[in-house]
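To start, the structure itself, in structure tokens.
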Amino acid sequence: MTTDATDETDRATIEGMVDAFFGAFVSGPGCAERMDLLRGLLLPQALIVRTCGLEPAVMGVEEFIAPREALLTDGSLTDFREWPVAGRVEVFGDIAHWFGSYAKAGTQEGEAFTGRGMKTIQLVRTADGWRISAAAWDDERDGLSLPD
């Protein structure tokens, strides 16, 4: 791995994209604009996978975004947000990934909740800059927890 100026610029760009990815998942006003920003971060053919102790759910971009946008705007989920806690970026040429922990908090149907998990986000360099090609996550649950 190199650590030249280009690599540092790539890392900063990717870290900004990771922040924007997590920042899209906030309830309340501006959700449509955040979802449009999220669409712009993703390759149109990107795959997103949720595991969480279940059979993996493999989704395309719209299959991933549509139900989350509905949940973030229908009033049943309030004060919700997700944020990266700690992670690392690795870059090699035109491929990169972020792997790290994240947290979430909100109120659903009047009940406050919090959660934590791990996400992996893969990126590729395109003619238009870096884009997310895939993401996958798993959340804490009985028998699986992040170290403190």
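Every chain in the structure tokens has a letter given in the order shown (A, B, ...), and although residue numbers restart at 1 in each chain, ligands are simply numbered from 1 in the order shown.
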Task: Polymer residues at most 8 Å from Arg50 of chain A, only C-alpha atoms, same-chain spacing of 2 or more positions, as number ranges by chain - done: A: 48, 52, 56-58, 136-138
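Of the residues listed (A:Leu71, A:Glu90, A:Trp98, A:Val26), A:Trp98 shows the shortest atom-to-atom separation from Ala134 of chain A; distances use only C-alpha atoms.
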Task: Which of A:Glu63, A:Asp142, A:Asp94, A:Asp148 sits closest to Trp130 of chain A [using only C-alpha atoms] - done: A:Asp94
Task: Nearest candidate to Asp7 of chain A (options A:Ala96, A:Leu43, A:Leu72, A:Ile65; using only C-alpha atoms) - done: A:Ala96
TODO: Find the residue from A:Leu41, A:Met118, A:Ala103, A:Ala112 that sits nearest to Ser76 of chain A; use only C-alpha atoms when measuring.
DONE: A:Ala112
TODO: Please run DSSP on the backbone and report, as number ranges by chain, all residues within segment 5-134 of chain A that come out as alpha helix (DSSP H).
DONE: A: 5-23, 31-41, 61-73
- [ ] Excluding Glu140 of chain A and any residue of its chain fewer than 2 positions from it, enumerate the residues within 12 Å of it, using only C-alpha atoms, and give them as an MDAnalysis selection string.
- [x] chainID A and resid 51:53 101:104 114:119 137:138 142:147
